[in-house]
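Down below is the structure, laid out as structure tokens.
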Amino acid sequence: MSVEAGQRRRLEPDARRQQILSVAVRLFGERGYADVSTTDVARGAGVARGLINHYFGTKKDLYLAVVRVMLTVPSGAVAGLPEGDLPTRVDALVTWFLDVVSRHSTSWLSAINAGGMAGDPDVDRVIGEAIDAAADGVLEATGFAGRRTEALHAMARSYVWLGTSTAREWLQRGVLTRAQVHQLLATTLLAMVDKVFEQS
């Protein structure tokens, strides 16, 4: 038995699952849903194809996991924002968002564009859940989590959609620079808090 094979077998289940997911994120981001098979993912991760089914189920289930991980704000992200006044926290929130989408730009764009699966109800549901979670994060970061209403949450969702649309203008179309996107998103959120959230 080779050392490499022994190391592969010694991976804990969570680490193995994460390894498979990382390869799937890259492949679906590069080629889209239709052009990636579970065999491709298994080969890239150095595992048997049956292990993909064991951890994720079908190819579609694996793709949904990819969309979820690319679009859902991690629970600790908002908690990790710096203490300080609102402009400082908003600046840090926007910086964090732009860092994430630029670091994983191909995979993030594929996920937010549904990777050739637009209109699929399961994909739309996962994207919607991620947008809802991001809206909750916006309310938490701006100090409105305790005052959450359906109207406030809808406004925060609208801001999240602005963020995704503006990031596309930068990453996909090359029309805006990162600095322009940052200024637009930070200024807009501060204005929304002052002029809209506070009045709701």
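Letters A, B, ... go to the chains of the structure tokens in the order shown; residues in each chain start at 1; ligands are counted from 1 in the same order.
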
- Message: I'd like the neighbourhood of Gln180 in chain A as a list in words, where a residue qualifies if any of its atoms comes within 12 Å (using only C-alpha atoms), though same-chain residues fewer than 4 positions away should be ignored.
- Response: Val94, Leu98, Thr166, Ala167, Glu169, Trp170, Gly174, Val175, Leu176, Leu184, Leu185, Ala186, Thr187 and Thr188 of chain A

Given the selection you just returned, output its residues as a file containing N, CA, C and O atoms, formatted as a PDB file, in the first residue's frame.
```
ATOM      1  N   VAL A  94     -18.783  45.105   3.758  1.00  0.00           N
ATOM      2  CA  VAL A  94     -18.634  45.169   2.298  1.00  0.00           C
ATOM      3  C   VAL A  94     -17.279  44.600   1.878  1.00  0.00           C
ATOM      4  O   VAL A  94     -17.184  43.855   0.890  1.00  0.00           O
ATOM      5  N   LEU A  98     -16.759  41.440  -0.727  1.00  0.00           N
ATOM      6  CA  LEU A  98     -15.994  41.566  -1.968  1.00  0.00           C
ATOM      7  C   LEU A  98     -14.765  40.658  -1.962  1.00  0.00           C
ATOM      8  O   LEU A  98     -14.381  40.127  -3.011  1.00  0.00           O
ATOM      9  N   THR A 166     -24.360  44.110  -8.390  1.00  0.00           N
ATOM     10  CA  THR A 166     -23.215  45.005  -8.546  1.00  0.00           C
ATOM     11  C   THR A 166     -21.919  44.214  -8.649  1.00  0.00           C
ATOM     12  O   THR A 166     -21.025  44.568  -9.434  1.00  0.00           O
ATOM     13  N   ALA A 167     -21.816  43.126  -7.875  1.00  0.00           N
ATOM     14  CA  ALA A 167     -20.626  42.279  -7.967  1.00  0.00           C
ATOM     15  C   ALA A 167     -20.508  41.664  -9.356  1.00  0.00           C
ATOM     16  O   ALA A 167     -19.405  41.512  -9.892  1.00  0.00           O
ATOM     17  N   GLU A 169     -21.478  43.100 -12.127  1.00  0.00           N
ATOM     18  CA  GLU A 169     -20.989  44.178 -13.006  1.00  0.00           C
ATOM     19  C   GLU A 169     -19.469  44.281 -12.942  1.00  0.00           C
ATOM     20  O   GLU A 169     -18.820  44.632 -13.928  1.00  0.00           O
ATOM     21  N   TRP A 170     -18.925  43.999 -11.787  1.00  0.00           N
ATOM     22  CA  TRP A 170     -17.475  44.036 -11.594  1.00  0.00           C
ATOM     23  C   TRP A 170     -16.804  42.767 -12.109  1.00  0.00           C
ATOM     24  O   TRP A 170     -15.907  42.826 -12.958  1.00  0.00           O
ATOM     25  N   GLY A 174     -17.015  43.469 -16.043  1.00  0.00           N
ATOM     26  CA  GLY A 174     -15.844  44.344 -16.011  1.00  0.00           C
ATOM     27  C   GLY A 174     -16.182  45.812 -16.189  1.00  0.00           C
ATOM     28  O   GLY A 174     -15.324  46.614 -16.572  1.00  0.00           O
ATOM     29  N   VAL A 175     -17.441  46.175 -15.908  1.00  0.00           N
ATOM     30  CA  VAL A 175     -17.877  47.562 -16.106  1.00  0.00           C
ATOM     31  C   VAL A 175     -17.464  48.433 -14.925  1.00  0.00           C
ATOM     32  O   VAL A 175     -17.080  49.595 -15.098  1.00  0.00           O
ATOM     33  N   LEU A 176     -17.550  47.884 -13.722  1.00  0.00           N
ATOM     34  CA  LEU A 176     -17.202  48.624 -12.517  1.00  0.00           C
ATOM     35  C   LEU A 176     -15.907  48.091 -11.923  1.00  0.00           C
ATOM     36  O   LEU A 176     -15.561  46.922 -12.103  1.00  0.00           O
ATOM     37  N   LEU A 184     -20.330  52.116  -3.737  1.00  0.00           N
ATOM     38  CA  LEU A 184     -21.768  52.032  -3.968  1.00  0.00           C
ATOM     39  C   LEU A 184     -22.470  51.246  -2.864  1.00  0.00           C
ATOM     40  O   LEU A 184     -23.481  51.683  -2.301  1.00  0.00           O
ATOM     41  N   LEU A 185     -21.917  50.071  -2.515  1.00  0.00           N
ATOM     42  CA  LEU A 185     -22.572  49.220  -1.532  1.00  0.00           C
ATOM     43  C   LEU A 185     -22.510  49.810  -0.124  1.00  0.00           C
ATOM     44  O   LEU A 185     -23.493  49.762   0.626  1.00  0.00           O
ATOM     45  N   ALA A 186     -21.367  50.375   0.247  1.00  0.00           N
ATOM     46  CA  ALA A 186     -21.244  50.960   1.587  1.00  0.00           C
ATOM     47  C   ALA A 186     -22.122  52.199   1.728  1.00  0.00           C
ATOM     48  O   ALA A 186     -22.856  52.355   2.715  1.00  0.00           O
ATOM     49  N   THR A 187     -22.090  53.072   0.734  1.00  0.00           N
ATOM     50  CA  THR A 187     -22.890  54.302   0.786  1.00  0.00           C
ATOM     51  C   THR A 187     -24.382  53.986   0.788  1.00  0.00           C
ATOM     52  O   THR A 187     -25.161  54.590   1.533  1.00  0.00           O
ATOM     53  N   THR A 188     -24.776  53.019  -0.040  1.00  0.00           N
ATOM     54  CA  THR A 188     -26.190  52.649  -0.113  1.00  0.00           C
ATOM     55  C   THR A 188     -26.694  52.076   1.201  1.00  0.00           C
ATOM     56  O   THR A 188     -27.781  52.433   1.675  1.00  0.00           O
TER      57      THR A 188
END
```

- alpha helix (DSSP H) per DSSP on the backbone: members of range 44-171 of chain A, as a count of residues only: 97

- Just give me the gap between CA of Gly115 in chain A and CA of Gly32 in chain A in Å, one decimal is fine.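 So the two atoms, CA of Gly115 in chain A and CA of Gly32 in chain A, lie 4.9 Å apart.
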
- Kindly give the distance, in Å, that separates CA of Gly76 in chain A and CA of Val101 in chain A, rounded to a single decimal. 17.0 Å

- Query: Within 12 Å of Leu27 in chain A, counting only C-alpha atoms, which residues qualify if same-chain residues fewer than 2 places away don't, as an MDAnalysis selection string?
  - Reply: chainID A and resid 20:25 29:45 62:63 66 106:108 110:111 115

Residues of the last selection are to be written out with N, CA and C atoms, as a short mmCIF file (atom, residue, chain, number, x, y, z; two decimals), in the first residue's frame.
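Saved result, result_9.cif, follows:
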```
data_model
loop_
_atom_site.label_atom_id
_atom_site.label_comp_id
_atom_site.auth_asym_id
_atom_site.auth_seq_id
_atom_site.Cartn_x
_atom_site.Cartn_y
_atom_site.Cartn_z
N ILE A 20 -14.20 16.53 -1.26
CA ILE A 20 -15.09 16.30 -2.40
C ILE A 20 -15.81 17.60 -2.77
N LEU A 21 -16.32 18.29 -1.76
CA LEU A 21 -17.05 19.53 -2.00
C LEU A 21 -16.16 20.58 -2.64
N SER A 22 -14.92 20.68 -2.20
CA SER A 22 -14.00 21.67 -2.78
C SER A 22 -13.76 21.41 -4.26
N VAL A 23 -13.58 20.13 -4.61
CA VAL A 23 -13.40 19.78 -6.03
C VAL A 23 -14.67 20.10 -6.82
N ALA A 24 -15.83 19.78 -6.24
CA ALA A 24 -17.09 20.06 -6.93
C ALA A 24 -17.29 21.56 -7.14
N VAL A 25 -16.95 22.37 -6.14
CA VAL A 25 -17.05 23.82 -6.28
C VAL A 25 -16.23 24.29 -7.48
N GLY A 29 -17.95 25.37 -11.07
CA GLY A 29 -17.67 26.77 -11.37
C GLY A 29 -17.04 26.94 -12.74
N GLU A 30 -16.15 26.03 -13.09
CA GLU A 30 -15.44 26.12 -14.37
C GLU A 30 -16.31 25.70 -15.55
N ARG A 31 -17.15 24.66 -15.36
CA ARG A 31 -17.81 24.04 -16.51
C ARG A 31 -19.33 24.05 -16.47
N GLY A 32 -19.93 24.40 -15.35
CA GLY A 32 -21.39 24.39 -15.27
C GLY A 32 -21.93 23.01 -14.97
N TYR A 33 -23.20 22.96 -14.63
CA TYR A 33 -23.82 21.72 -14.15
C TYR A 33 -23.80 20.61 -15.21
N ALA A 34 -24.20 20.93 -16.43
CA ALA A 34 -24.38 19.90 -17.46
C ALA A 34 -23.08 19.21 -17.84
N ASP A 35 -21.96 19.92 -17.73
CA ASP A 35 -20.69 19.38 -18.23
C ASP A 35 -19.82 18.76 -17.15
N VAL A 36 -20.37 18.53 -15.97
CA VAL A 36 -19.62 17.88 -14.89
C VAL A 36 -20.38 16.63 -14.46
N SER A 37 -19.67 15.52 -14.35
CA SER A 37 -20.27 14.28 -13.86
C SER A 37 -19.74 13.96 -12.47
N THR A 38 -20.43 13.08 -11.76
CA THR A 38 -19.92 12.67 -10.46
C THR A 38 -18.60 11.90 -10.63
N THR A 39 -18.42 11.27 -11.77
CA THR A 39 -17.14 10.60 -12.05
C THR A 39 -16.02 11.63 -12.12
N ASP A 40 -16.27 12.77 -12.76
CA ASP A 40 -15.27 13.84 -12.83
C ASP A 40 -14.89 14.32 -11.43
N VAL A 41 -15.90 14.50 -10.58
CA VAL A 41 -15.65 14.97 -9.22
C VAL A 41 -14.86 13.93 -8.45
N ALA A 42 -15.28 12.67 -8.56
CA ALA A 42 -14.57 11.59 -7.86
C ALA A 42 -13.11 11.51 -8.30
N ARG A 43 -12.89 11.61 -9.60
CA ARG A 43 -11.52 11.55 -10.11
C ARG A 43 -10.70 12.72 -9.56
N GLY A 44 -11.29 13.92 -9.58
CA GLY A 44 -10.57 15.09 -9.09
C GLY A 44 -10.27 15.02 -7.60
N ALA A 45 -11.15 14.37 -6.84
CA ALA A 45 -10.96 14.25 -5.39
C ALA A 45 -10.15 13.02 -5.00
N LEU A 62 -25.40 17.07 -4.92
CA LEU A 62 -24.04 17.61 -4.80
C LEU A 62 -24.00 19.05 -5.28
N TYR A 63 -24.67 19.31 -6.41
CA TYR A 63 -24.69 20.67 -6.94
C TYR A 63 -25.39 21.63 -5.98
N VAL A 66 -23.04 22.62 -3.39
CA VAL A 66 -22.09 23.61 -3.91
C VAL A 66 -22.71 25.00 -3.90
N THR A 106 -15.21 32.62 -10.06
CA THR A 106 -15.80 31.72 -11.06
C THR A 106 -16.90 30.88 -10.45
N SER A 107 -16.63 30.30 -9.28
CA SER A 107 -17.61 29.45 -8.62
C SER A 107 -18.78 30.26 -8.08
N TRP A 108 -18.51 31.46 -7.55
CA TRP A 108 -19.59 32.29 -7.02
C TRP A 108 -20.52 32.73 -8.15
N SER A 110 -21.02 31.26 -11.00
CA SER A 110 -21.76 30.10 -11.47
C SER A 110 -22.92 29.79 -10.53
N ALA A 111 -22.67 29.89 -9.22
CA ALA A 111 -23.72 29.59 -8.24
C ALA A 111 -24.84 30.62 -8.29
N GLY A 115 -25.75 28.21 -12.59
CA GLY A 115 -24.92 27.27 -13.34
C GLY A 115 -25.61 26.45 -14.39
#
```

- Note on the structure: Between A:Arg16, A:Ala134, A:Phe28, A:Asp99, smallest distance to Leu171 in chain A by only C-alpha atoms belongs to A:Asp99
